[in-house]
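S.K.: Dropping a structure here in structure tokens format, bear with me for questions.
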Amino acid sequence: MPHFVIDCSENLLLHRTPDEIMQAVYDVAEASGLFANGDIKVRISPYKYYKLGNGKKDFLHIFGHIMEGRSVEQKKILSRKIIERLNQMFPEIPILSVNIGEFEKATYCNKSLINPNNTTGDRHFPV
């Protein structure tokens, strides 16, 4: 947690490598101070086939999934900083966007939470 899933047109990878794109998102998320060290996860899914309106050629959209508890203002700043960074990398791309959604803590589960030695319910409990 958090997860940043990048959907983009495959053509973007002709301008920047997947590692460069993922690292840019990772760096902004890490610099935000909203997440535990080493907890950020970023992945990318380039699309060969897609349809965009109005003759637009390329796109990049990030789905951010974070644990509930951050303010609307914090999420707004995070979204804006991510897009500002990507706009520096891709000034010619017409569609750069991000949305931040929240996981409910009550319904979230991971391997740490099912560890019988984790008596405190710490989702960062070492496995």
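Letters for chains follow the order of the structure tokens (A, B, ...), residue numbers begin at 1 for each chain, and ligand numbers begin at 1 in the order shown.
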Which residues are close to A:Phe63, i.e. within 12 Å by only C-alpha atoms, leaving aside same-chain residues fewer than 6 positions away? Reply as a PDB file with N, CA and C atoms, in the first residue's frame.
M.R.:
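That gives us part05.pdb:
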ATOM      1  N   PRO A   2       0.747   2.183  -0.692  1.00  0.00           N
ATOM      2  CA  PRO A   2      -0.244   2.405  -1.742  1.00  0.00           C
ATOM      3  C   PRO A   2       0.163   1.734  -3.060  1.00  0.00           C
ATOM      4  N   HIS A   3      -0.801   1.657  -3.952  1.00  0.00           N
ATOM      5  CA  HIS A   3      -0.554   1.129  -5.293  1.00  0.00           C
ATOM      6  C   HIS A   3      -0.840   2.235  -6.300  1.00  0.00           C
ATOM      7  N   PHE A   4       0.073   2.416  -7.237  1.00  0.00           N
ATOM      8  CA  PHE A   4      -0.128   3.345  -8.345  1.00  0.00           C
ATOM      9  C   PHE A   4      -0.043   2.529  -9.627  1.00  0.00           C
ATOM     10  N   VAL A   5      -1.173   2.392 -10.303  1.00  0.00           N
ATOM     11  CA  VAL A   5      -1.266   1.590 -11.518  1.00  0.00           C
ATOM     12  C   VAL A   5      -1.350   2.549 -12.696  1.00  0.00           C
ATOM     13  N   ILE A   6      -0.355   2.480 -13.562  1.00  0.00           N
ATOM     14  CA  ILE A   6      -0.259   3.383 -14.701  1.00  0.00           C
ATOM     15  C   ILE A   6      -0.765   2.670 -15.942  1.00  0.00           C
ATOM     16  N   ASP A   7      -1.804   3.208 -16.543  1.00  0.00           N
ATOM     17  CA  ASP A   7      -2.271   2.770 -17.859  1.00  0.00           C
ATOM     18  C   ASP A   7      -1.788   3.813 -18.853  1.00  0.00           C
ATOM     19  N   CYS A   8      -1.235   3.359 -19.981  1.00  0.00           N
ATOM     20  CA  CYS A   8      -0.758   4.322 -20.970  1.00  0.00           C
ATOM     21  C   CYS A   8      -0.763   3.704 -22.353  1.00  0.00           C
ATOM     22  N   VAL A  25       6.730   8.549 -10.807  1.00  0.00           N
ATOM     23  CA  VAL A  25       5.548   8.447  -9.944  1.00  0.00           C
ATOM     24  C   VAL A  25       5.972   8.044  -8.532  1.00  0.00           C
ATOM     25  N   LYS A  41       4.065   1.024  -4.133  1.00  0.00           N
ATOM     26  CA  LYS A  41       4.146   0.070  -5.233  1.00  0.00           C
ATOM     27  C   LYS A  41       3.654   0.761  -6.499  1.00  0.00           C
ATOM     28  N   VAL A  42       4.409   0.624  -7.590  1.00  0.00           N
ATOM     29  CA  VAL A  42       4.054   1.240  -8.862  1.00  0.00           C
ATOM     30  C   VAL A  42       4.181   0.186  -9.945  1.00  0.00           C
ATOM     31  N   ARG A  43       3.208   0.132 -10.828  1.00  0.00           N
ATOM     32  CA  ARG A  43       3.292  -0.768 -11.983  1.00  0.00           C
ATOM     33  C   ARG A  43       2.693  -0.079 -13.199  1.00  0.00           C
ATOM     34  N   ILE A  44       3.047  -0.587 -14.354  1.00  0.00           N
ATOM     35  CA  ILE A  44       2.630   0.057 -15.599  1.00  0.00           C
ATOM     36  C   ILE A  44       2.059  -0.979 -16.556  1.00  0.00           C
ATOM     37  N   SER A  45       0.987  -0.600 -17.237  1.00  0.00           N
ATOM     38  CA  SER A  45       0.354  -1.443 -18.254  1.00  0.00           C
ATOM     39  C   SER A  45       0.213  -0.629 -19.531  1.00  0.00           C
ATOM     40  N   SER A  79      -2.098  14.289  -6.307  1.00  0.00           N
ATOM     41  CA  SER A  79      -2.513  14.163  -7.706  1.00  0.00           C
ATOM     42  C   SER A  79      -1.858  15.240  -8.566  1.00  0.00           C
ATOM     43  N   ILE A  82       1.933  14.681  -9.074  1.00  0.00           N
ATOM     44  CA  ILE A  82       2.192  13.592 -10.027  1.00  0.00           C
ATOM     45  C   ILE A  82       2.022  14.097 -11.452  1.00  0.00           C
ATOM     46  N   LEU A  96      -3.031  13.414 -19.737  1.00  0.00           N
ATOM     47  CA  LEU A  96      -2.294  13.015 -18.543  1.00  0.00           C
ATOM     48  C   LEU A  96      -3.254  13.196 -17.387  1.00  0.00           C
ATOM     49  N   SER A  97      -3.562  12.121 -16.675  1.00  0.00           N
ATOM     50  CA  SER A  97      -4.547  12.237 -15.600  1.00  0.00           C
ATOM     51  C   SER A  97      -4.270  11.228 -14.496  1.00  0.00           C
ATOM     52  N   VAL A  98      -4.870  11.499 -13.335  1.00  0.00           N
ATOM     53  CA  VAL A  98      -4.712  10.634 -12.175  1.00  0.00           C
ATOM     54  C   VAL A  98      -5.958  10.746 -11.322  1.00  0.00           C
ATOM     55  N   ASN A  99      -6.333   9.670 -10.705  1.00  0.00           N
ATOM     56  CA  ASN A  99      -7.351   9.738  -9.663  1.00  0.00           C
ATOM     57  C   ASN A  99      -6.881   8.900  -8.485  1.00  0.00           C
ATOM     58  N   ILE A 100      -7.190   9.395  -7.304  1.00  0.00           N
ATOM     59  CA  ILE A 100      -6.783   8.732  -6.071  1.00  0.00           C
ATOM     60  C   ILE A 100      -8.034   8.186  -5.393  1.00  0.00           C
ATOM     61  N   GLY A 101      -8.062   6.891  -5.186  1.00  0.00           N
ATOM     62  CA  GLY A 101      -9.150   6.243  -4.464  1.00  0.00           C
ATOM     63  C   GLY A 101      -8.612   5.652  -3.177  1.00  0.00           C
ATOM     64  N   GLU A 102      -9.512   5.344  -2.268  1.00  0.00           N
ATOM     65  CA  GLU A 102      -9.099   4.846  -0.958  1.00  0.00           C
ATOM     66  C   GLU A 102      -9.560   3.413  -0.706  1.00  0.00           C
TER      67      GLU A 102
END
S.K.: Excluding same-chain residues fewer than 6 positions from stretch 109-121 of chain A, what lies within 12 Å of it counting only C-alpha atoms, as a PyMOL selection string?
M.R.: chain A and resi 1+67+103+127
S.K.: So what do you get for atom CA of A:Lys48 versus atom CA of A:His61, distance-wise?
M.R.: 14.7 Å
S.K.: Any idea what the distance is between atom CA of A:Asp27 and atom CA of A:Tyr108?
M.R.: 24.9 Å
S.K.: Check the DSSP output for the backbone and give back, as a PyMOL selection string, the residues of stretch 4-126 of chain A in strand (DSSP E or B).
M.R.: chain A and resi 4-9+41-47+59-67+95-103
S.K.: Keeping only N, CA and C atoms, write the selected residues as a short mmCIF file (atom, residue, chain, number, x, y, z; two decimals), in the first residue's frame.
M.R.:
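The file below, again13.cif, is the result:
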data_model
loop_
_atom_site.label_atom_id
_atom_site.label_comp_id
_atom_site.auth_asym_id
_atom_site.auth_seq_id
_atom_site.Cartn_x
_atom_site.Cartn_y
_atom_site.Cartn_z
N PHE A 4 0.07 2.42 -7.24
CA PHE A 4 -0.13 3.34 -8.34
C PHE A 4 -0.04 2.53 -9.63
N VAL A 5 -1.17 2.39 -10.30
CA VAL A 5 -1.27 1.59 -11.52
C VAL A 5 -1.35 2.55 -12.70
N ILE A 6 -0.36 2.48 -13.56
CA ILE A 6 -0.26 3.38 -14.70
C ILE A 6 -0.77 2.67 -15.94
N ASP A 7 -1.80 3.21 -16.54
CA ASP A 7 -2.27 2.77 -17.86
C ASP A 7 -1.79 3.81 -18.85
N CYS A 8 -1.23 3.36 -19.98
CA CYS A 8 -0.76 4.32 -20.97
C CYS A 8 -0.76 3.70 -22.35
N SER A 9 -0.71 4.58 -23.35
CA SER A 9 -0.55 4.10 -24.72
C SER A 9 0.88 3.59 -24.89
N LYS A 41 4.06 1.02 -4.13
CA LYS A 41 4.15 0.07 -5.23
C LYS A 41 3.65 0.76 -6.50
N VAL A 42 4.41 0.62 -7.59
CA VAL A 42 4.05 1.24 -8.86
C VAL A 42 4.18 0.19 -9.95
N ARG A 43 3.21 0.13 -10.83
CA ARG A 43 3.29 -0.77 -11.98
C ARG A 43 2.69 -0.08 -13.20
N ILE A 44 3.05 -0.59 -14.35
CA ILE A 44 2.63 0.06 -15.60
C ILE A 44 2.06 -0.98 -16.56
N SER A 45 0.99 -0.60 -17.24
CA SER A 45 0.35 -1.44 -18.25
C SER A 45 0.21 -0.63 -19.53
N PRO A 46 1.13 -0.82 -20.48
CA PRO A 46 1.00 -0.12 -21.76
C PRO A 46 -0.02 -0.84 -22.64
N TYR A 47 -0.79 -0.05 -23.36
CA TYR A 47 -1.83 -0.60 -24.23
C TYR A 47 -1.47 -0.38 -25.70
N PHE A 59 -2.10 8.65 -24.35
CA PHE A 59 -2.65 8.94 -23.03
C PHE A 59 -1.80 8.29 -21.95
N LEU A 60 -1.94 8.82 -20.76
CA LEU A 60 -1.38 8.20 -19.56
C LEU A 60 -2.33 8.53 -18.42
N HIS A 61 -2.82 7.50 -17.74
CA HIS A 61 -3.70 7.70 -16.59
C HIS A 61 -3.20 6.83 -15.45
N ILE A 62 -3.20 7.40 -14.25
CA ILE A 62 -2.77 6.67 -13.07
C ILE A 62 -3.95 6.48 -12.13
N PHE A 63 -4.14 5.24 -11.72
CA PHE A 63 -5.11 4.91 -10.69
C PHE A 63 -4.33 4.74 -9.39
N GLY A 64 -4.50 5.67 -8.47
CA GLY A 64 -3.83 5.60 -7.18
C GLY A 64 -4.78 4.98 -6.16
N HIS A 65 -4.33 3.94 -5.49
CA HIS A 65 -5.13 3.27 -4.46
C HIS A 65 -4.37 3.39 -3.15
N ILE A 66 -4.93 4.15 -2.20
CA ILE A 66 -4.25 4.39 -0.94
C ILE A 66 -5.17 4.05 0.23
N MET A 67 -4.56 3.81 1.39
CA MET A 67 -5.35 3.53 2.59
C MET A 67 -6.08 4.80 3.02
N ILE A 95 -3.39 13.69 -22.97
CA ILE A 95 -4.15 13.15 -21.85
C ILE A 95 -3.20 12.62 -20.79
N LEU A 96 -3.03 13.41 -19.74
CA LEU A 96 -2.29 13.01 -18.54
C LEU A 96 -3.25 13.20 -17.39
N SER A 97 -3.56 12.12 -16.67
CA SER A 97 -4.55 12.24 -15.60
C SER A 97 -4.27 11.23 -14.50
N VAL A 98 -4.87 11.50 -13.33
CA VAL A 98 -4.71 10.63 -12.17
C VAL A 98 -5.96 10.75 -11.32
N ASN A 99 -6.33 9.67 -10.71
CA ASN A 99 -7.35 9.74 -9.66
C ASN A 99 -6.88 8.90 -8.49
N ILE A 100 -7.19 9.39 -7.30
CA ILE A 100 -6.78 8.73 -6.07
C ILE A 100 -8.03 8.19 -5.39
N GLY A 101 -8.06 6.89 -5.19
CA GLY A 101 -9.15 6.24 -4.46
C GLY A 101 -8.61 5.65 -3.18
N GLU A 102 -9.51 5.34 -2.27
CA GLU A 102 -9.10 4.85 -0.96
C GLU A 102 -9.56 3.41 -0.71
N PHE A 103 -8.69 2.66 -0.03
CA PHE A 103 -9.05 1.38 0.54
C PHE A 103 -9.70 1.65 1.89
#
S.K.: Report, in Å to a single decimal, how far apart atom CA of A:Glu92 and atom CA of A:Asn54 are.
M.R.: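 Separating atom CA of A:Asn54 from atom CA of A:Glu92 is a distance of 15.5 Å.
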S.K.: Which residue is closest to A:Tyr49? Choose from A:Glu20, A:Glu30, A:Glu10, A:Glu68 and count only C-alpha atoms.
M.R.: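 Between A:Glu20, A:Glu30, A:Glu10, A:Glu68, the residue approaching A:Tyr49 most closely is A:Glu10.
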S.K.: When you count only C-alpha atoms, which of these residues is closest to A:Val28: A:Arg16, A:Lys81, A:Lys75, A:Arg123?
M.R.: A:Lys81
S.K.: Of the candidates A:Leu12, A:Met22, A:Ala31, A:Ala106, which one gets nearest to A:Ile93 if we count only C-alpha atoms?
M.R.: A:Leu12
